[in-house]
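One structure is given here, and the rest of the page talks about it.
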Amino acid sequence: MAENIKKFFKKTKVDLKFKKAGPGQRLNEETKKPSPRAEEPSFSRVEPTAEAKQAAAAALARIQNTSGPAGFNKSSLYSKAKSEVAKEIRSSEATASNSGDKTSNVPTKSEEEDLSHFAASGVYFRCPLISEEILSKTEWKTKIKTYLYEQLETEKGLIACVIIRNCNKNPDKIAMCVDTLNKYLRNIVSNPVEEKFRKIRLSNKVFQDKVAGMEGAMEFLEAAGFVKESLTVNDELEEFLVMPAEKSADIDMLESLMDALNTAETFTLELDRNVRILLPSQAERQTKLPDDFFRYTPEELKKEQQARSESVDSMLILRTKAMREKHEQKEMKKYRYALIRIRFPDGILLQGTFSVHEKFEEVNKFVEENLSRDCEFSLVIADVGKNFVEEDFDKTLLELRLVPAAVLLFHSDNFSSSEEPVLSYLKPDVAILLQNI
């Protein structure tokens, strides 16, 4: 398992060298300054494991086997979907009349919510460096910490660097810790025979404020060669970390540790799409978003809403259109993630979770990956009928105001809406997810 960490470090160092080298260019081209672009987090879908592929193949076989278990064959699945779609059409007028009665999407902990009303059970991630599991961010933090400490004895110095970066919460404290550890080793490398640089008083204020209590810091110093000793100072015993003279002479080892400390990065968690296939009736009922979608807790949002409620009327009268748009943008920044639903002509909805900073192009790719056939298609915002132009594909979901949730309509000339059976737009191994809801 420690080999994964070594590969991670190797890739990080290579990436760092390329970043320092700058963008590549042809030898016969004039140097061009790169256009400034805001860095956006990238998320890639992981290739399914052998077990996942086997499970998908089994699911596909069950769909195609009309003599299979009751309720699981293809005709039964289509019949159920058709029935639900027909029911949705008959009740569309009633739905439209009630659509104006909107309630907050923010679930409060004080309320006993029916989980069936939530559009998603949470936000989930992958970490391919460790495993193919799909877990929440909190669960991954715990798993990453456990994993790193289990690997500690295999490559103590290397793993300690990764622990410092991944198992401490405050970025400012991490930076101060790394800077202090660098100074300790740099002083020894520059002055290997100076005894004062090979001693660290544990009660020292700088050590206590910037190093003590930080996950991985003591392990890093131990890997460098420091050992605990009790020394007499002014007739009193005090605890020190002391590096033996033979360890301080190993300059290459100390420089390698500093290099590892400075190049170590946090593990990247890849956002899982949490794909769901919904019937119209399910989509209508499941509208609430979990707490993970919000930057603030429900309690903080509630207090902010209450504080503004008294001045809402006057603000609506006095604010200009530009001011209202600015306020709307500020409101949307409360969200970390966006729930995107694609409604197909047969009424079935494909649902996925995205970061608000992902580009619209990723939504398009998401649809392509789940279609039953390759084809050209377009997506339209259901509420306003807005068509997306080429420039929109490079914009974020936040910029396109598809936050915190949006329904997009699927259009394609490669499908005949009147002739296509229910669920035919989606791959069979994706359509089968309807059975699990």
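Chains: A, B, ... in order of the structure tokens. Residues: from 1 per chain. Ligands: from 1, in order shown.
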Contacts of Ser416 of chain A within 12 Å, only C-alpha atoms, excl. fewer than 5 positions in-chain, as an MDAnalysis selection string:
chainID A and resid 344:346 411 421:422 424:425
Nearest candidate to Val211 of chain A (options A:Asp394, A:Asp179, A:Glu153, A:Glu358; using only C-alpha atoms)
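Nearest candidate to Val211 of chain A out of A:Asp394, A:Asp179, A:Glu153, A:Glu358: A:Asp179.
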Coordinates-based distance that separates atom CA of Ser136 of chain A from atom CA of Thr268 of chain A (Å, one decimal)
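Result for atom CA of Thr268 of chain A versus atom CA of Ser136 of chain A: 13.4 Å, one decimal.
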Would you pick out the contacts of Arg276 of chain A at 7 Å or less, using only C-alpha atoms, so that residues sharing its chain but fewer than 6 positions from it are not included, and give the list as a PyMOL selection string?
chain A and resi 350-352+433
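Taking atom CA of Lys386 of chain A as the reference point, atom CA of Leu408 of chain A is found at 9.4 Å.
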Non-local contacts of Glu369 of chain A (10 Å; only C-alpha atoms; under 6 positions in same chain excluded) as an MDAnalysis selection string
chainID A and resid 45 363 426:427 430
Once you have the residues from the selection above, write them out as an mmCIF file, in the first residue's frame, restricted to all heavy atoms.
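Done, and the output landed in again_15.cif:
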```
data_model
loop_
_atom_site.group_PDB
_atom_site.id
_atom_site.type_symbol
_atom_site.label_atom_id
_atom_site.label_comp_id
_atom_site.auth_asym_id
_atom_site.auth_seq_id
_atom_site.Cartn_x
_atom_site.Cartn_y
_atom_site.Cartn_z
ATOM 1 N N ARG A 45 -14.517 10.506 -13.718
ATOM 2 C CA ARG A 45 -15.208 9.299 -13.324
ATOM 3 C C ARG A 45 -14.224 8.142 -13.364
ATOM 4 O O ARG A 45 -13.446 7.978 -14.286
ATOM 5 C CB ARG A 45 -16.384 9.027 -14.253
ATOM 6 C CG ARG A 45 -17.458 10.089 -14.157
ATOM 7 C CD ARG A 45 -18.571 9.823 -15.121
ATOM 8 N NE ARG A 45 -19.293 8.631 -14.814
ATOM 9 C CZ ARG A 45 -20.257 8.544 -13.897
ATOM 10 N NH1 ARG A 45 -20.569 9.608 -13.195
ATOM 11 N NH2 ARG A 45 -20.888 7.411 -13.677
ATOM 12 N N VAL A 363 -21.669 18.419 -17.421
ATOM 13 C CA VAL A 363 -23.052 17.937 -17.438
ATOM 14 C C VAL A 363 -23.325 17.242 -18.763
ATOM 15 O O VAL A 363 -23.943 16.171 -18.819
ATOM 16 C CB VAL A 363 -24.046 19.101 -17.229
ATOM 17 C CG1 VAL A 363 -25.489 18.606 -17.333
ATOM 18 C CG2 VAL A 363 -23.815 19.760 -15.869
ATOM 19 N N LEU A 426 -31.676 5.431 -21.961
ATOM 20 C CA LEU A 426 -30.552 5.160 -21.059
ATOM 21 C C LEU A 426 -29.988 3.764 -21.265
ATOM 22 O O LEU A 426 -30.679 2.851 -21.709
ATOM 23 C CB LEU A 426 -31.012 5.305 -19.602
ATOM 24 C CG LEU A 426 -31.558 6.678 -19.221
ATOM 25 C CD1 LEU A 426 -32.197 6.615 -17.846
ATOM 26 C CD2 LEU A 426 -30.453 7.716 -19.257
ATOM 27 N N LYS A 427 -28.713 3.614 -20.930
ATOM 28 C CA LYS A 427 -28.078 2.304 -20.967
ATOM 29 C C LYS A 427 -28.827 1.356 -20.028
ATOM 30 O O LYS A 427 -29.271 1.780 -18.953
ATOM 31 C CB LYS A 427 -26.611 2.413 -20.526
ATOM 32 C CG LYS A 427 -25.716 3.162 -21.491
ATOM 33 C CD LYS A 427 -24.299 3.234 -20.935
ATOM 34 C CE LYS A 427 -23.375 3.986 -21.905
ATOM 35 N NZ LYS A 427 -22.013 4.126 -21.342
ATOM 36 N N VAL A 430 -27.813 1.386 -16.488
ATOM 37 C CA VAL A 430 -28.190 2.621 -15.785
ATOM 38 C C VAL A 430 -29.691 2.602 -15.498
ATOM 39 O O VAL A 430 -30.133 2.950 -14.405
ATOM 40 C CB VAL A 430 -27.836 3.873 -16.636
ATOM 41 C CG1 VAL A 430 -28.315 5.143 -15.938
ATOM 42 C CG2 VAL A 430 -26.348 3.938 -16.879
#
```
List every residue of segment 181-230 of chain A that DSSP, applied to the backbone of this structure, places in helix (DSSP H, G or I), and write the result as an NGL selection string.
:A and (181-190 or 195-198 or 205-210 or 217-224)
Please produce a file of those selected residues containing C-alpha atoms, as an mmCIF file, in the first residue's frame.
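Contents of the output file again_14.cif:
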```cif
data_model
loop_
_atom_site.group_PDB
_atom_site.id
_atom_site.type_symbol
_atom_site.label_atom_id
_atom_site.label_comp_id
_atom_site.auth_asym_id
_atom_site.auth_seq_id
_atom_site.Cartn_x
_atom_site.Cartn_y
_atom_site.Cartn_z
ATOM 1 C CA LEU A 181 9.988 22.001 10.578
ATOM 2 C CA ASN A 182 11.835 23.265 7.512
ATOM 3 C CA LYS A 183 13.758 25.755 9.659
ATOM 4 C CA TYR A 184 14.776 23.040 12.132
ATOM 5 C CA LEU A 185 16.254 20.858 9.372
ATOM 6 C CA ARG A 186 17.642 23.727 7.307
ATOM 7 C CA ASN A 187 19.637 25.000 10.311
ATOM 8 C CA ILE A 188 21.142 21.530 10.775
ATOM 9 C CA VAL A 189 21.971 21.133 7.074
ATOM 10 C CA SER A 190 23.660 24.559 7.050
ATOM 11 C CA GLU A 195 25.092 21.375 18.740
ATOM 12 C CA LYS A 196 22.489 24.081 19.490
ATOM 13 C CA PHE A 197 20.657 23.398 16.222
ATOM 14 C CA ARG A 198 20.356 19.700 17.071
ATOM 15 C CA LYS A 205 6.895 28.588 22.843
ATOM 16 C CA VAL A 206 7.456 28.360 19.076
ATOM 17 C CA PHE A 207 7.476 24.555 19.250
ATOM 18 C CA GLN A 208 4.339 24.501 21.392
ATOM 19 C CA ASP A 209 2.468 26.996 19.216
ATOM 20 C CA LYS A 210 3.448 25.719 15.774
ATOM 21 C CA ALA A 217 4.848 16.466 13.241
ATOM 22 C CA MET A 218 6.477 14.327 15.947
ATOM 23 C CA GLU A 219 6.667 11.375 13.567
ATOM 24 C CA PHE A 220 8.422 13.590 11.027
ATOM 25 C CA LEU A 221 11.036 14.726 13.568
ATOM 26 C CA GLU A 222 11.577 11.127 14.700
ATOM 27 C CA ALA A 223 12.120 10.087 11.076
ATOM 28 C CA ALA A 224 14.714 12.871 10.778
#
```
